[in-house]
>>> print(open('entry.cif').read())   # mmCIF, C-alpha atoms
data_work
loop_
_atom_site.label_atom_id
_atom_site.label_comp_id
_atom_site.auth_asym_id
_atom_site.auth_seq_id
_atom_site.Cartn_x
_atom_site.Cartn_y
_atom_site.Cartn_z
CA MET A 232 0.00 0.00 0.00
CA SER A 233 1.33 3.46 -0.90
CA ASP A 234 2.46 5.75 1.90
CA LEU A 235 1.13 8.75 0.02
CA ALA A 236 -2.30 10.08 0.92
CA PRO A 237 -4.72 11.14 -1.82
CA GLU A 238 -4.89 14.87 -2.34
CA SER A 239 -8.40 15.00 -0.89
CA GLU A 240 -7.07 13.65 2.43
CA LEU A 241 -4.45 16.35 2.84
CA SER A 242 -4.86 19.20 5.25
CA PRO A 243 -4.64 22.83 3.97
CA GLN A 244 -0.94 22.82 4.90
CA GLY A 245 -0.32 19.85 2.62
CA THR A 246 0.27 17.33 5.45
CA PRO A 247 -1.72 14.13 5.65
CA ALA A 248 -4.87 14.46 7.71
CA SER A 249 -3.89 11.30 9.57
CA ALA A 250 -1.00 13.24 11.11
CA GLU A 251 -3.49 15.19 13.20
CA PRO A 252 -4.12 13.91 16.74
CA ALA A 253 -6.56 11.01 16.68
CA VAL A 254 -9.89 11.77 18.28
CA ARG A 255 -11.26 8.93 20.39
CA LYS A 256 -14.45 7.72 18.80
CA ARG A 257 -17.45 7.88 21.07
CA PRO A 258 -19.37 4.57 21.34
CA LYS A 259 -22.86 4.48 19.86
CA PRO A 260 -25.83 4.17 22.25
CA GLY A 261 -25.81 0.68 23.76
CA GLU A 262 -22.38 -0.13 22.34
CA ARG A 263 -20.57 0.52 25.61
CA ARG A 264 -22.96 -1.83 27.46
CA VAL A 265 -22.09 -4.59 25.02
CA GLN A 266 -18.36 -3.87 25.40
CA ILE A 267 -18.65 -4.10 29.19
CA LEU A 268 -20.46 -7.45 29.02
CA GLN A 269 -17.98 -8.80 26.46
CA ALA A 270 -15.07 -7.77 28.68
CA LEU A 271 -16.68 -9.39 31.73
CA ALA A 272 -17.29 -12.64 29.81
CA THR A 273 -13.69 -12.64 28.55
CA MET A 274 -12.32 -12.16 32.07
CA LEU A 275 -14.44 -15.10 33.24
CA GLU A 276 -12.75 -17.27 30.62
CA GLN A 277 -9.43 -17.12 32.47
CA PRO A 278 -8.92 -20.50 34.24
CA GLY A 279 -8.77 -20.08 37.99
CA ALA A 280 -10.00 -16.49 37.77
CA GLU A 281 -10.88 -15.04 41.15
CA ARG A 282 -13.84 -12.83 41.89
CA ILE A 283 -13.91 -10.06 39.31
CA THR A 284 -14.02 -6.53 40.70
CA THR A 285 -15.41 -3.49 38.95
CA SER A 286 -12.00 -1.83 39.26
CA ALA A 287 -10.37 -4.71 37.34
CA LEU A 288 -13.13 -4.60 34.74
CA ALA A 289 -12.75 -0.83 34.35
CA ALA A 290 -8.97 -1.20 33.99
CA ARG A 291 -9.43 -3.78 31.23
CA LEU A 292 -11.70 -1.39 29.34
CA GLU A 293 -9.44 1.58 30.12
CA VAL A 294 -12.32 3.55 31.61
CA SER A 295 -13.20 4.71 35.10
CA GLU A 296 -15.46 2.74 37.44
CA ALA A 297 -17.86 5.68 37.25
CA ALA A 298 -18.11 5.06 33.50
CA LEU A 299 -19.27 1.50 34.18
CA TYR A 300 -21.97 2.71 36.53
CA ARG A 301 -23.33 5.04 33.87
CA HIS A 302 -24.46 1.90 32.04
CA PHE A 303 -25.14 -0.51 34.90
CA ALA A 304 -26.45 0.37 38.34
CA SER A 305 -24.41 -2.43 39.93
CA LYS A 306 -22.16 -5.38 39.16
CA ALA A 307 -25.19 -7.61 39.72
CA GLN A 308 -26.83 -5.90 36.75
CA MET A 309 -23.80 -6.74 34.62
CA PHE A 310 -24.15 -10.41 35.52
CA GLU A 311 -27.86 -10.18 34.79
CA GLY A 312 -26.91 -8.97 31.32
CA LEU A 313 -24.85 -12.16 30.83
CA ILE A 314 -27.68 -14.32 32.16
CA GLU A 315 -30.12 -12.65 29.75
CA PHE A 316 -27.75 -13.50 26.89
CA ILE A 317 -27.64 -17.15 28.04
CA GLU A 318 -31.43 -17.35 28.37
CA GLN A 319 -32.17 -15.72 25.03
CA SER A 320 -29.56 -17.74 23.16
CA VAL A 321 -30.48 -21.15 24.57
CA PHE A 322 -34.27 -20.84 24.51
CA THR A 323 -34.28 -19.28 21.05
CA LEU A 324 -32.31 -22.31 19.83
CA ILE A 325 -34.67 -24.68 21.68
CA ASN A 326 -37.62 -23.09 19.85
CA GLN A 327 -35.81 -23.46 16.53
CA ILE A 328 -35.11 -27.13 17.21
CA GLY A 329 -38.79 -27.64 18.06
CA GLU A 330 -39.88 -25.98 14.82
CA ARG A 331 -37.40 -27.77 12.54
CA GLU A 332 -37.15 -31.28 14.01
CA PRO A 333 -40.37 -33.33 13.76
CA ASP A 334 -38.88 -36.43 15.43
CA HIS A 335 -39.30 -35.93 19.17
CA SER A 336 -36.53 -38.36 20.16
CA ILE A 337 -34.03 -36.62 17.90
CA ARG A 338 -35.31 -33.29 19.19
CA THR A 339 -34.39 -34.28 22.76
CA ARG A 340 -30.92 -35.35 21.69
CA LYS A 341 -30.36 -32.13 19.72
CA LEU A 342 -31.46 -30.05 22.70
CA VAL A 343 -28.85 -31.67 24.97
CA VAL A 344 -26.10 -31.34 22.35
CA MET A 345 -26.98 -27.69 21.72
CA VAL A 346 -26.71 -26.70 25.41
CA LEU A 347 -23.35 -28.44 25.81
CA GLN A 348 -22.00 -26.92 22.58
CA PHE A 349 -23.16 -23.47 23.67
CA ALA A 350 -21.22 -23.85 26.91
CA GLU A 351 -18.16 -25.17 25.11
CA LYS A 352 -18.09 -22.15 22.80
CA ASN A 353 -18.68 -19.73 25.69
CA PRO A 354 -16.42 -20.75 28.61
CA GLY A 355 -17.06 -17.55 30.54
CA MET A 356 -20.82 -18.11 30.32
CA THR A 357 -20.32 -21.66 31.59
CA ARG A 358 -18.96 -20.31 34.87
CA VAL A 359 -22.12 -18.20 35.19
CA MET A 360 -24.37 -21.16 34.33
CA VAL A 361 -22.90 -23.42 37.02
CA GLY A 362 -22.70 -20.60 39.58
CA ASP A 363 -18.91 -20.49 40.00
CA ALA A 364 -18.85 -16.84 38.90
CA LEU A 365 -21.81 -15.96 41.12
CA VAL A 366 -20.27 -16.91 44.47
CA PHE A 367 -20.37 -13.88 46.80
CA GLU A 368 -22.58 -12.04 44.30
CA ASN A 369 -26.26 -11.15 44.78
CA GLU A 370 -28.36 -14.22 45.65
CA ARG A 371 -30.96 -13.39 43.01
CA LEU A 372 -28.41 -14.18 40.29
CA GLN A 373 -28.07 -17.81 41.40
CA GLU A 374 -31.85 -18.02 41.79
CA ARG A 375 -32.25 -16.87 38.21
CA MET A 376 -29.82 -19.51 36.95
CA ASN A 377 -31.73 -22.12 38.96
CA GLN A 378 -34.88 -21.00 37.16
CA PHE A 379 -33.03 -21.35 33.85
CA PHE A 380 -32.31 -25.02 34.54
CA ASP A 381 -35.87 -25.58 35.82
CA LYS A 382 -37.19 -24.22 32.54
CA LEU A 383 -34.70 -26.34 30.61
CA GLU A 384 -35.90 -29.42 32.51
CA SER A 385 -39.50 -28.56 31.63
CA SER A 386 -38.57 -28.34 27.94
CA LEU A 387 -36.91 -31.75 28.12
CA LYS A 388 -39.84 -33.24 30.00
CA GLN A 389 -42.26 -32.05 27.31
CA SER A 390 -40.02 -33.38 24.56
CA LEU A 391 -39.82 -36.79 26.27
CA ARG A 392 -43.59 -36.89 26.70
CA ASP A 393 -44.09 -36.04 23.04
CA ALA A 394 -41.62 -38.76 22.03
CA ALA A 395 -43.48 -41.32 24.15
CA ALA A 396 -46.85 -40.28 22.71
CA ALA A 397 -45.52 -40.43 19.13
CA SER A 398 -44.23 -43.97 19.70
CA GLY A 399 -47.54 -45.07 21.19
CA ALA A 400 -45.94 -45.96 24.51
CA ALA A 401 -48.03 -45.41 27.61
CA THR A 402 -45.22 -43.65 29.47
CA PRO A 403 -46.29 -42.27 32.87
CA THR A 404 -45.73 -38.57 33.46
CA VAL A 405 -43.41 -39.34 36.38
CA ASP A 406 -41.08 -41.25 34.04
CA ALA A 407 -40.65 -38.19 31.81
CA GLN A 408 -40.03 -36.07 34.90
CA VAL A 409 -37.38 -38.45 36.23
CA ARG A 410 -35.63 -38.80 32.87
CA ALA A 411 -35.62 -35.01 32.33
CA SER A 412 -34.13 -34.54 35.79
CA VAL A 413 -31.38 -37.09 35.07
CA ILE A 414 -30.55 -35.44 31.72
CA VAL A 415 -30.26 -31.99 33.32
CA ALA A 416 -28.06 -33.43 36.09
CA PHE A 417 -25.82 -34.91 33.38
CA MET A 418 -25.57 -31.55 31.59
CA VAL A 419 -24.84 -29.61 34.77
CA GLY A 420 -22.18 -32.16 35.68
CA ARG A 421 -20.51 -31.77 32.30
CA LEU A 422 -20.55 -27.96 32.64
CA GLN A 423 -19.10 -28.09 36.17
CA ARG A 424 -16.32 -30.41 35.07
CA PHE A 425 -15.56 -28.10 32.13
CA ALA A 426 -15.31 -25.04 34.38
CA ARG A 427 -13.37 -26.73 37.18
CA SER A 428 -10.87 -28.38 34.87
CA GLY A 429 -9.81 -24.95 33.63
CA PHE A 430 -11.85 -25.60 30.44
CA LYS A 431 -9.75 -28.67 29.54
CA ARG A 432 -12.43 -31.37 29.92
CA LEU A 433 -14.84 -30.48 27.13
CA PRO A 434 -18.61 -30.97 27.61
CA SER A 435 -18.71 -32.80 24.27
CA GLU A 436 -16.20 -35.45 25.40
CA HIS A 437 -17.52 -38.94 24.46
CA LEU A 438 -20.89 -37.28 23.99
CA GLU A 439 -22.48 -39.73 21.56
CA ALA A 440 -21.66 -42.72 23.77
CA SER A 441 -22.92 -40.86 26.83
CA LEU A 442 -26.20 -39.90 25.13
CA ALA A 443 -26.70 -43.49 23.97
CA THR A 444 -26.50 -44.54 27.63
CA ILE A 445 -28.77 -41.78 28.97
CA LEU A 446 -31.33 -41.49 26.18
CA GLY A 447 -31.25 -45.05 24.88
#
>>> encode(input="entry.cif", output="structure tokens")
Amino acid sequence: MSDLAPESELSPQGTPASAEPAVRKRPKPGERRVQILQALATMLEQPGAERITTSALAARLEVSEAALYRHFASKAQMFEGLIEFIEQSVFTLINQIGEREPDHSIRTRKLVVMVLQFAEKNPGMTRVMVGDALVFENERLQERMNQFFDKLESSLKQSLRDAAAASGAATPTVDAQVRASVIVAFMVGRLQRFARSGFKRLPSEHLEASLATILG
């Protein structure tokens, strides 16, 4: 690429406009919120990361702590932003699986695989999902993640019921409830192992063999 600037980019004195002091671009509305959440998620991806402080987060973004609080009233609100991302991402994908996959048994399998793949691609979010990142934070954050897994269990239970009905099997409701509970426990266990191994033991490890055992 040529070092010469086009004539239209020259200042009146004939020097390149790029030689003038760079003006820091101001983020668009909502953009700084996204940057804060992205930085928080990235910091959570560090194996063995301790409790993240707002001062450390501000330092990473090269802004003041006051700048963070212009976008979030508290650190709890920042974590709520991450939880909202998890909820929207996972349940949007669950709805898509339900719309596109007519076979209820395959639908159940795809749901489990999707959740584990989501966690594998988002290590920082995994620590939020299993609660490691929420220790010493506001209790309502852990309660909200508990509700997430309750809702996930309900989705699995419905899928298992539909699969039983489609096959003509007279499967009692309690069986679907028990199986959904076991599947969620398996997923949570995989996510905890992933987080506590420093993201070395992947949730997808031996997944097909594991699903064959759990789902039949």
>>> resolve_selection(input="entry.cif", expression="the PyMOL selection byres ((chain A and resi 349) around 12)", output="short mmCIF file (atom, residue, chain, number, x, y, z; two decimals) with C-alpha atoms, keeping the file's coordinate frame")
data_model
loop_
_atom_site.label_atom_id
_atom_site.label_comp_id
_atom_site.auth_asym_id
_atom_site.auth_seq_id
_atom_site.Cartn_x
_atom_site.Cartn_y
_atom_site.Cartn_z
CA PHE A 316 -27.75 -13.50 26.89
CA ILE A 317 -27.64 -17.15 28.04
CA GLU A 318 -31.43 -17.35 28.37
CA GLN A 319 -32.17 -15.72 25.03
CA SER A 320 -29.56 -17.74 23.16
CA VAL A 321 -30.48 -21.15 24.57
CA PHE A 322 -34.27 -20.84 24.51
CA LEU A 324 -32.31 -22.31 19.83
CA ILE A 325 -34.67 -24.68 21.68
CA LYS A 341 -30.36 -32.13 19.72
CA LEU A 342 -31.46 -30.05 22.70
CA VAL A 343 -28.85 -31.67 24.97
CA VAL A 344 -26.10 -31.34 22.35
CA MET A 345 -26.98 -27.69 21.72
CA VAL A 346 -26.71 -26.70 25.41
CA LEU A 347 -23.35 -28.44 25.81
CA GLN A 348 -22.00 -26.92 22.58
CA ALA A 350 -21.22 -23.85 26.91
CA GLU A 351 -18.16 -25.17 25.11
CA LYS A 352 -18.09 -22.15 22.80
CA ASN A 353 -18.68 -19.73 25.69
CA PRO A 354 -16.42 -20.75 28.61
CA GLY A 355 -17.06 -17.55 30.54
CA MET A 356 -20.82 -18.11 30.32
CA THR A 357 -20.32 -21.66 31.59
CA MET A 360 -24.37 -21.16 34.33
CA MET A 418 -25.57 -31.55 31.59
CA LEU A 422 -20.55 -27.96 32.64
CA LEU A 433 -14.84 -30.48 27.13
CA PRO A 434 -18.61 -30.97 27.61
CA SER A 435 -18.71 -32.80 24.27
#
>>> closest_residue(input="entry.cif", among="A:Val294, A:Leu383, A:Leu268, A:Val359", to="Thr323 (chain A)", atoms="all atoms listed in the file")
A:Leu383
>>> resolve_selection(input="entry.cif", expression="the PyMOL selection byres ((chain A and resi 300) around 12)", output="list of chain:residue names")
A:Arg263, A:Arg264, A:Ile267, A:Thr285, A:Ser286, A:Leu288, A:Ala289, A:Val294, A:Ser295, A:Glu296, A:Ala297, A:Ala298, A:Leu299, A:Arg301, A:His302, A:Phe303, A:Ala304, A:Ser305, A:Lys306, A:Ala307, A:Gln308, A:Met309
>>> residues_around(input="entry.cif", residues="Gly329 (chain A)", least_positions_apart="6", cutoff="12 Å", atoms="all atoms listed in the file", output="count of residues only")
15
>>> atom_distance(input="entry.cif", atom1="CA of Asp381 (chain A)", atom2="CA of Gly312 (chain A)")
19.4 Å
>>> closest_residue(input="entry.cif", among="A:Leu442, A:Ala397, A:Ala287, A:Leu292", to="Gln269 (chain A)", atoms="all atoms listed in the file")
A:Leu292
>>> atom_distance(input="entry.cif", atom1="CA of Leu391 (chain A)", atom2="CA of Ala407 (chain A)")
5.8 Å
>>> atom_distance(input="entry.cif", atom1="CA of Glu276 (chain A)", atom2="CA of Arg291 (chain A)")
13.9 Å
>>> residues_around(input="entry.cif", residues="Ala411 (chain A)", least_positions_apart="3", cutoff="7 Å", atoms="all atoms listed in the file", output="list in words")
Glu384, Leu387, Lys388, Ala407, Gln408, Ile414 and Val415 of chain A
>>> closest_residue(input="entry.cif", among="A:Ile314, A:Ala364, A:Glu436, A:Asp334", to="Met274 (chain A)", atoms="only C-alpha atoms")
A:Ala364
>>> closest_residue(input="entry.cif", among="A:Ala270, A:Leu313, A:Leu438, A:Ile283", to="Phe417 (chain A)", atoms="all atoms listed in the file")
A:Leu438
>>> closest_residue(input="entry.cif", among="A:Leu372, A:Ala443, A:Ile328, A:Val361", to="Phe310 (chain A)", atoms="all atoms listed in the file")
A:Leu372
>>> closest_residue(input="entry.cif", among="A:Val265, A:Ala395, A:Val419, A:Val413", to="Thr444 (chain A)", atoms="all atoms listed in the file")
A:Val413
